[in-house]
Amino acid sequence: MDLETLVGKINDVIWSPVFIAICLGVGLWFSLRGRFLQVRHFGNMIRLLMDGKSTDQGVSSFQALAMSLAGRVGTGNIAGVATAITFGGPGALFWMWMVAFLGASTAFVESTLAQIYKEKDENGFFIGGPAYYFEKGLGQKWYGLLFAISMFISSGLLLPGVQANSIASAMTNSFGMPSTVTAAILAILIGFIIFGGVKRIAAAAELIVPFMALAYIIVALVIIILHISQLPDILGLVFRSAFGLEAGFGAVLGLAIQWGVKRGLYSNEAGQGTGLHPSAAADVSHPAKQGLVQAFSVYVDTLFVCSATGFMLLITGFYNVQDPSKPDSYLYQGVKGVAAGPGYVQTAMENIMPGFGSIFVAIALFFFAFTTIMAYYYYAETNIRYLQRTLKMDWAIPVLKIIFLAVVVYGTVKTANLAWALGDAGAGLTAWLNILGILFLQKHAFNALKDYENQVKAGKDPIYDAKANGVNNAPIWDEIGEKYRKDEIEHPNKTHFVP
């Protein structure tokens, strides 16, 4: 049995129908318990993007958002959408939307928990994530260690290869660039960023992510507007296919759900326990603030960027839908001789904007995937730092940097199928551990939400008191609360938001 077949069998277990039902069910439960906070607080999410500022202790809310979007907005938004449609049909796009809508509440819960149970590292900088809240919130250090090891394997060894491989594919398609040259360029650029520490990662993400995401969405909107008459039919196709009502796509109904959830979760990371590492680094006065900001990042990733890709492919017709019962056969074939992935999007855009489209997608994919690789390194380092609290591993972070660069280089030359299979295994591994864990800690996140809402209704800028909210193992909030209360006294005329 070769490695690709072995990883495929592992993924069949990880991404079983049971897990897909758990992902959707947990998101629905959190949505109900939070009274659909992802809708009620939508305007508040946008306002909070500019809340807080970068300090010696942490990054600003917007920098934390940019860092988490760096992880979320990646090859999954381009290549991932294409593969979801290939194996699940147009209906997979609908199930990606569902994962995003329900996942926004999951992202709120996990990010709020990361804020509640964050700590300071040896340099006085905020640090946190699932490993920290499993140890301090659940009181299960072994579970925290298990998650930290799993996240290191996932973000440090498995996931970077997907991003690097997609960059290499796009650069070869558009510029004829050999993968070895791409590997060398990536190694130099990534090395410069990761050896500069979290501040450099945050600064790079803050600069690159918003610009590239906005540019990609604008170009997609231009294409959609040029074909606006087709949009109602495309929306109808997506909804009919999602429920097996579209003639010809009934054979992939179950796969539409499976691939929509898998690629949706891979793209927006809600429940994986990844994007909340930068969330914990934000210097804010109340955990719910950053929880709401991170919920919004799921919308940006899937409802905006993934939808842009999906609509481009469906409007142009440059996509394939594979027949699950007959290998190498198609229920629909709109593009020949191109493997499922970024090549679909490049082909579609090049046919609409000759001489520009393919190159633009390659550049967009480069920046999306590049920033995601940066985020993966930050996730891996955060969990190594957690392990160092228990294990004497002073050598670990320098070694991590070298191993990480080697993984990126290797990822540019291995086959795309193996890269995606390893990435799926990594994402599913951490998602299983995180989703099950936050079910036991959810009350603290929703207590924080209620406390936040009560303070806002009273016309206050919310300041979190951990003990008053039933959290007895988060002493850092005594210090944070004192700092923000002092600021409130010194600036009594500060205006506060009242919904």
# chains A, B, ... in the order shown; residues from 1 in each chain; ligands from 1
call {"tool": "closest_atom_pairs", "arguments": {"of": "region 321-374 of chain A", "to": "region 205-223 of chain A", "cutoff": "8 Å", "atoms": "only C-alpha atoms", "output": "Markdown table"}}
result
| residue | atom | partner | partner_atom | distance |
| --- | --- | --- | --- | --- |
| A:Ile352 | CA | A:Ile223 | CA | 7.7 |
| A:Ala364 | CA | A:Met212 | CA | 6.4 |
| A:Phe367 | CA | A:Met212 | CA | 7.1 |
| A:Phe368 | CA | A:Val209 | CA | 7.2 |
| A:Thr371 | CA | A:Ala205 | CA | 6.4 |
call {"tool": "select_by_dssp", "arguments": {"residues": "region 294-376 of chain A", "states": "strand (DSSP E)", "output": "list of chain:residue names"}}
result
A:Asn320, A:Val321, A:Gln322, A:Tyr330, A:Leu331, A:Tyr332, A:Gln333
call {"tool": "write_last_selection", "arguments": {"atoms": "C-alpha atoms", "output": "tab-separated table (two decimals), in the first residue's frame"}}
result
chain	number	residue	atom	x	y	z
A	320	ASN	CA	-15.83	19.36	-14.04
A	321	VAL	CA	-18.01	17.09	-11.92
A	322	GLN	CA	-16.61	13.60	-11.59
A	330	TYR	CA	-17.73	12.95	-15.69
A	331	LEU	CA	-21.30	13.96	-14.97
A	332	TYR	CA	-20.29	17.34	-16.40
A	333	GLN	CA	-17.08	18.31	-18.14
call {"tool": "atom_distance", "arguments": {"atom1": "CA of Leu422 (chain A)", "atom2": "CA of Leu3 (chain A)"}}
result
9.8 Å
call {"tool": "closest_atom_pairs", "arguments": {"of": "region 387-450 of chain A", "to": "region 106-120 of chain A", "cutoff": "7 Å", "atoms": "only C-alpha atoms", "output": "CSV"}}
result
residue,atom,partner,partner_atom,distance
A:Ile438,CA,A:Glu110,CA,6.8
A:Gln442,CA,A:Val109,CA,6.5
A:Ala445,CA,A:Val109,CA,5.4
call {"tool": "closest_residue", "arguments": {"among": "A:Ala339, A:Ala148, A:Leu32, A:Ala288", "to": "Pro130 (chain A)", "atoms": "only C-alpha atoms"}}
result
A:Ala148
call {"tool": "select_by_dssp", "arguments": {"residues": "region 272-368 of chain A", "states": "helix (DSSP H, G or I)", "output": "MDAnalysis selection string"}}
result
chainID A and resid 276:280 287:316 342:352 357:368
call {"tool": "write_last_selection", "arguments": {"atoms": "C-alpha atoms", "output": "tab-separated table (two decimals), in the first residue's frame"}}
result
chain	number	residue	atom	x	y	z
A	276	LEU	CA	-7.81	31.27	17.67
A	277	HIS	CA	-4.06	31.22	18.29
A	278	PRO	CA	-3.72	34.76	16.91
A	279	SER	CA	-7.06	35.57	18.56
A	280	ALA	CA	-5.48	34.90	21.96
A	287	PRO	CA	-12.89	38.13	25.44
A	288	ALA	CA	-16.23	38.39	23.60
A	289	LYS	CA	-14.89	41.30	21.56
A	290	GLN	CA	-12.30	39.15	19.84
A	291	GLY	CA	-14.73	36.25	19.66
A	292	LEU	CA	-17.06	38.38	17.54
A	293	VAL	CA	-14.21	39.61	15.36
A	294	GLN	CA	-13.13	36.03	14.66
A	295	ALA	CA	-16.71	35.04	13.83
A	296	PHE	CA	-16.67	37.73	11.15
A	297	SER	CA	-13.46	36.30	9.69
A	298	VAL	CA	-15.37	33.11	8.80
A	299	TYR	CA	-17.79	35.21	6.75
A	300	VAL	CA	-14.95	36.95	4.93
A	301	ASP	CA	-13.32	33.64	4.09
A	302	THR	CA	-16.26	31.59	2.87
A	303	LEU	CA	-19.23	33.84	2.09
A	304	PHE	CA	-17.03	36.38	0.29
A	305	VAL	CA	-13.84	34.80	-1.10
A	306	CYS	CA	-15.00	31.19	-1.62
A	307	SER	CA	-18.29	32.37	-3.13
A	308	ALA	CA	-16.34	34.59	-5.53
A	309	THR	CA	-14.41	31.56	-6.77
A	310	GLY	CA	-17.49	29.35	-6.96
A	311	PHE	CA	-19.54	31.86	-8.93
A	312	MET	CA	-16.68	32.45	-11.38
A	313	LEU	CA	-16.41	28.73	-12.11
A	314	LEU	CA	-20.14	28.11	-12.41
A	315	ILE	CA	-20.87	31.20	-14.51
A	316	THR	CA	-18.10	30.43	-16.99
A	342	PRO	CA	-6.19	26.31	-9.28
A	343	GLY	CA	-6.00	25.39	-12.96
A	344	TYR	CA	-9.82	25.56	-13.19
A	345	VAL	CA	-9.90	29.10	-11.85
A	346	GLN	CA	-6.97	30.18	-14.02
A	347	THR	CA	-8.64	28.71	-17.12
A	348	ALA	CA	-11.96	30.39	-16.32
A	349	MET	CA	-10.46	33.80	-15.67
A	350	GLU	CA	-8.06	33.64	-18.60
A	351	ASN	CA	-10.95	33.00	-20.99
A	352	ILE	CA	-12.77	36.07	-19.68
A	357	GLY	CA	-6.76	36.31	-15.78
A	358	SER	CA	-4.37	33.39	-15.32
A	359	ILE	CA	-1.56	35.62	-14.08
A	360	PHE	CA	-3.85	37.40	-11.62
A	361	VAL	CA	-5.04	34.08	-10.13
A	362	ALA	CA	-1.43	32.91	-9.81
A	363	ILE	CA	-0.47	36.11	-7.96
A	364	ALA	CA	-3.58	35.98	-5.75
A	365	LEU	CA	-2.95	32.34	-4.93
A	366	PHE	CA	0.69	33.08	-4.15
A	367	PHE	CA	-0.20	35.73	-1.58
A	368	PHE	CA	-3.15	33.78	-0.14
call {"tool": "atom_distance", "arguments": {"atom1": "CA of Ile476 (chain A)", "atom2": "CA of Phe126 (chain A)"}}
result
9.7 Å
call {"tool": "residues_around", "arguments": {"residues": "Tyr378 (chain A)", "least_positions_apart": "3", "cutoff": "9 Å", "atoms": "only C-alpha atoms", "output": "list in words"}}
result
Ser155, Ile194, Gly197, Val198, Ile201, His277, Pro278, Ile373, Met374, Ala375, Glu381, Thr382 and Asn383 of chain A
call {"tool": "write_last_selection", "arguments": {"atoms": "N, CA and C atoms", "output": "PDB file, in the first residue's frame"}}
result
ATOM      1  N   SER A 155      -0.062  21.569  11.695  1.00  0.00           N
ATOM      2  CA  SER A 155       0.359  22.859  11.137  1.00  0.00           C
ATOM      3  C   SER A 155       1.824  22.895  10.753  1.00  0.00           C
ATOM      4  N   ILE A 194       9.445  34.209   9.444  1.00  0.00           N
ATOM      5  CA  ILE A 194       9.320  33.434  10.683  1.00  0.00           C
ATOM      6  C   ILE A 194      10.498  33.667  11.630  1.00  0.00           C
ATOM      7  N   GLY A 197       9.730  36.675  14.163  1.00  0.00           N
ATOM      8  CA  GLY A 197       8.817  36.594  15.299  1.00  0.00           C
ATOM      9  C   GLY A 197       7.394  37.003  14.979  1.00  0.00           C
ATOM     10  N   VAL A 198       6.527  36.927  16.001  1.00  0.00           N
ATOM     11  CA  VAL A 198       5.097  37.147  15.814  1.00  0.00           C
ATOM     12  C   VAL A 198       4.785  38.561  15.341  1.00  0.00           C
ATOM     13  N   ILE A 201       5.180  38.619  11.671  1.00  0.00           N
ATOM     14  CA  ILE A 201       4.093  37.865  11.058  1.00  0.00           C
ATOM     15  C   ILE A 201       2.829  38.712  11.020  1.00  0.00           C
ATOM     16  N   HIS A 277      -5.391  30.927  17.745  1.00  0.00           N
ATOM     17  CA  HIS A 277      -4.059  31.218  18.289  1.00  0.00           C
ATOM     18  C   HIS A 277      -3.737  32.707  18.160  1.00  0.00           C
ATOM     19  N   PRO A 278      -3.903  33.302  16.973  1.00  0.00           N
ATOM     20  CA  PRO A 278      -3.722  34.763  16.913  1.00  0.00           C
ATOM     21  C   PRO A 278      -4.805  35.510  17.676  1.00  0.00           C
ATOM     22  N   ILE A 373       0.786  29.967   4.985  1.00  0.00           N
ATOM     23  CA  ILE A 373       1.982  29.272   5.476  1.00  0.00           C
ATOM     24  C   ILE A 373       2.559  29.999   6.685  1.00  0.00           C
ATOM     25  N   MET A 374       2.567  31.333   6.646  1.00  0.00           N
ATOM     26  CA  MET A 374       3.029  32.110   7.804  1.00  0.00           C
ATOM     27  C   MET A 374       2.188  31.777   9.033  1.00  0.00           C
ATOM     28  N   ALA A 375       0.865  31.745   8.828  1.00  0.00           N
ATOM     29  CA  ALA A 375      -0.033  31.465   9.945  1.00  0.00           C
ATOM     30  C   ALA A 375       0.206  30.064  10.503  1.00  0.00           C
ATOM     31  N   GLU A 381       4.433  27.078  16.307  1.00  0.00           N
ATOM     32  CA  GLU A 381       5.307  27.621  17.342  1.00  0.00           C
ATOM     33  C   GLU A 381       4.550  27.813  18.657  1.00  0.00           C
ATOM     34  N   THR A 382       3.311  28.295  18.583  1.00  0.00           N
ATOM     35  CA  THR A 382       2.514  28.501  19.798  1.00  0.00           C
ATOM     36  C   THR A 382       2.364  27.198  20.573  1.00  0.00           C
ATOM     37  N   ASN A 383       2.142  26.103  19.863  1.00  0.00           N
ATOM     38  CA  ASN A 383       1.960  24.821  20.548  1.00  0.00           C
ATOM     39  C   ASN A 383       3.274  24.214  21.008  1.00  0.00           C
TER      40      ASN A 383
END
call {"tool": "residues_around", "arguments": {"residues": "Gly470 (chain A)", "least_positions_apart": "3", "cutoff": "8 Å", "atoms": "only C-alpha atoms", "output": "ChimeraX atom specification"}}
result
/A:444,466-467
call {"tool": "write_last_selection", "arguments": {"atoms": "N, CA and C atoms", "output": "mmCIF file, in the first residue's frame"}}
result
data_model
loop_
_atom_site.group_PDB
_atom_site.id
_atom_site.type_symbol
_atom_site.label_atom_id
_atom_site.label_comp_id
_atom_site.auth_asym_id
_atom_site.auth_seq_id
_atom_site.Cartn_x
_atom_site.Cartn_y
_atom_site.Cartn_z
ATOM 1 N N HIS A 444 -18.602 28.943 29.430
ATOM 2 C CA HIS A 444 -17.782 30.108 29.748
ATOM 3 C C HIS A 444 -17.815 31.132 28.611
ATOM 4 N N ALA A 466 -13.086 37.886 35.223
ATOM 5 C CA ALA A 466 -13.138 36.427 35.104
ATOM 6 C C ALA A 466 -13.875 35.789 36.277
ATOM 7 N N LYS A 467 -13.519 36.174 37.492
ATOM 8 C CA LYS A 467 -14.119 35.536 38.668
ATOM 9 C C LYS A 467 -15.623 35.798 38.731
#
call {"tool": "residues_around", "arguments": {"residues": "Thr182 (chain A)", "least_positions_apart": "2", "cutoff": "10 Å", "atoms": "only C-alpha atoms", "output": "list of chain:residue names"}}
result
A:Ala164, A:Asn165, A:Ile167, A:Ala168, A:Ser169, A:Met171, A:Thr172, A:Met177, A:Pro178, A:Ser179, A:Thr180, A:Ala184, A:Ile185, A:Leu186, A:Ala187, A:Val409, A:Thr412, A:Val413
call {"tool": "write_last_selection", "arguments": {"atoms": "N, CA and C atoms", "output": "short mmCIF file (atom, residue, chain, number, x, y, z; two decimals), in the first residue's frame"}}
result
data_model
loop_
_atom_site.label_atom_id
_atom_site.label_comp_id
_atom_site.auth_asym_id
_atom_site.auth_seq_id
_atom_site.Cartn_x
_atom_site.Cartn_y
_atom_site.Cartn_z
N ALA A 164 2.01 25.21 -0.35
CA ALA A 164 3.21 25.29 -1.19
C ALA A 164 2.99 24.61 -2.53
N ASN A 165 2.28 23.49 -2.53
CA ASN A 165 2.03 22.76 -3.76
C ASN A 165 1.14 23.57 -4.70
N ILE A 167 0.88 26.86 -4.80
CA ILE A 167 1.68 27.97 -5.32
C ILE A 167 2.53 27.48 -6.50
N ALA A 168 3.18 26.34 -6.31
CA ALA A 168 4.03 25.80 -7.38
C ALA A 168 3.23 25.50 -8.63
N SER A 169 2.03 24.93 -8.45
CA SER A 169 1.17 24.60 -9.59
C SER A 169 0.77 25.85 -10.35
N MET A 171 2.25 28.82 -10.36
CA MET A 171 3.41 29.47 -10.98
C MET A 171 3.86 28.73 -12.25
N THR A 172 3.72 27.41 -12.22
CA THR A 172 4.06 26.63 -13.42
C THR A 172 3.06 26.89 -14.53
N MET A 177 7.29 28.42 -14.41
CA MET A 177 8.37 28.41 -13.42
C MET A 177 8.56 27.01 -12.85
N PRO A 178 9.77 26.47 -12.87
CA PRO A 178 10.02 25.14 -12.28
C PRO A 178 9.71 25.15 -10.79
N SER A 179 9.24 24.04 -10.29
CA SER A 179 8.87 23.96 -8.88
C SER A 179 10.07 24.17 -7.97
N THR A 180 11.28 23.81 -8.45
CA THR A 180 12.48 24.00 -7.62
C THR A 180 12.76 25.49 -7.41
N ALA A 184 12.69 27.55 -3.77
CA ALA A 184 13.77 28.41 -3.27
C ALA A 184 13.24 29.78 -2.87
N ILE A 185 12.37 30.35 -3.70
CA ILE A 185 11.80 31.67 -3.40
C ILE A 185 10.97 31.62 -2.12
N LEU A 186 10.14 30.58 -1.99
CA LEU A 186 9.31 30.44 -0.79
C LEU A 186 10.18 30.30 0.45
N ALA A 187 11.23 29.49 0.36
CA ALA A 187 12.09 29.26 1.53
C ALA A 187 12.72 30.57 2.01
N VAL A 409 9.50 23.40 1.26
CA VAL A 409 10.24 23.06 0.04
C VAL A 409 9.74 21.74 -0.53
N THR A 412 6.34 21.76 -2.45
CA THR A 412 6.26 22.29 -3.82
C THR A 412 6.46 21.22 -4.88
N VAL A 413 7.01 20.08 -4.52
CA VAL A 413 7.34 19.07 -5.54
C VAL A 413 6.55 17.77 -5.42
#
call {"tool": "residues_around", "arguments": {"residues": "Val7 (chain A)", "least_positions_apart": "4", "cutoff": "9 Å", "atoms": "only C-alpha atoms", "output": "MDAnalysis selection string"}}
result
chainID A and resid 2:3 11:12 418 421:422 425
call {"tool": "write_last_selection", "arguments": {"atoms": "C-alpha atoms", "output": "tab-separated table (two decimals), in the first residue's frame"}}
result
chain	number	residue	atom	x	y	z
A	2	ASP	CA	1.50	3.34	-1.06
A	3	LEU	CA	1.44	6.47	1.14
A	11	ASN	CA	-9.18	10.31	5.90
A	12	ASP	CA	-12.16	7.99	5.35
A	418	LEU	CA	-1.00	13.54	-1.68
A	421	ALA	CA	-4.81	14.17	1.49
A	422	LEU	CA	-2.20	15.05	4.11
A	425	ALA	CA	-5.82	14.52	7.67
call {"tool": "residues_around", "arguments": {"residues": "region 85-100 of chain A", "least_positions_apart": "5", "cutoff": "6 Å", "atoms": "only C-alpha atoms", "output": "list of chain:residue names"}}
result
A:Val238, A:Ser241, A:Ala242, A:Val252, A:Leu255, A:Ala256, A:Ile257, A:Trp259, A:Gly260, A:Val261, A:Gly264, A:Val298, A:Asn320, A:Val321, A:Gln322
call {"tool": "closest_residue", "arguments": {"among": "A:Pro475, A:Gly275, A:Gly481, A:Gly156", "to": "Lys401 (chain A)", "atoms": "only C-alpha atoms"}}
result
A:Gly156
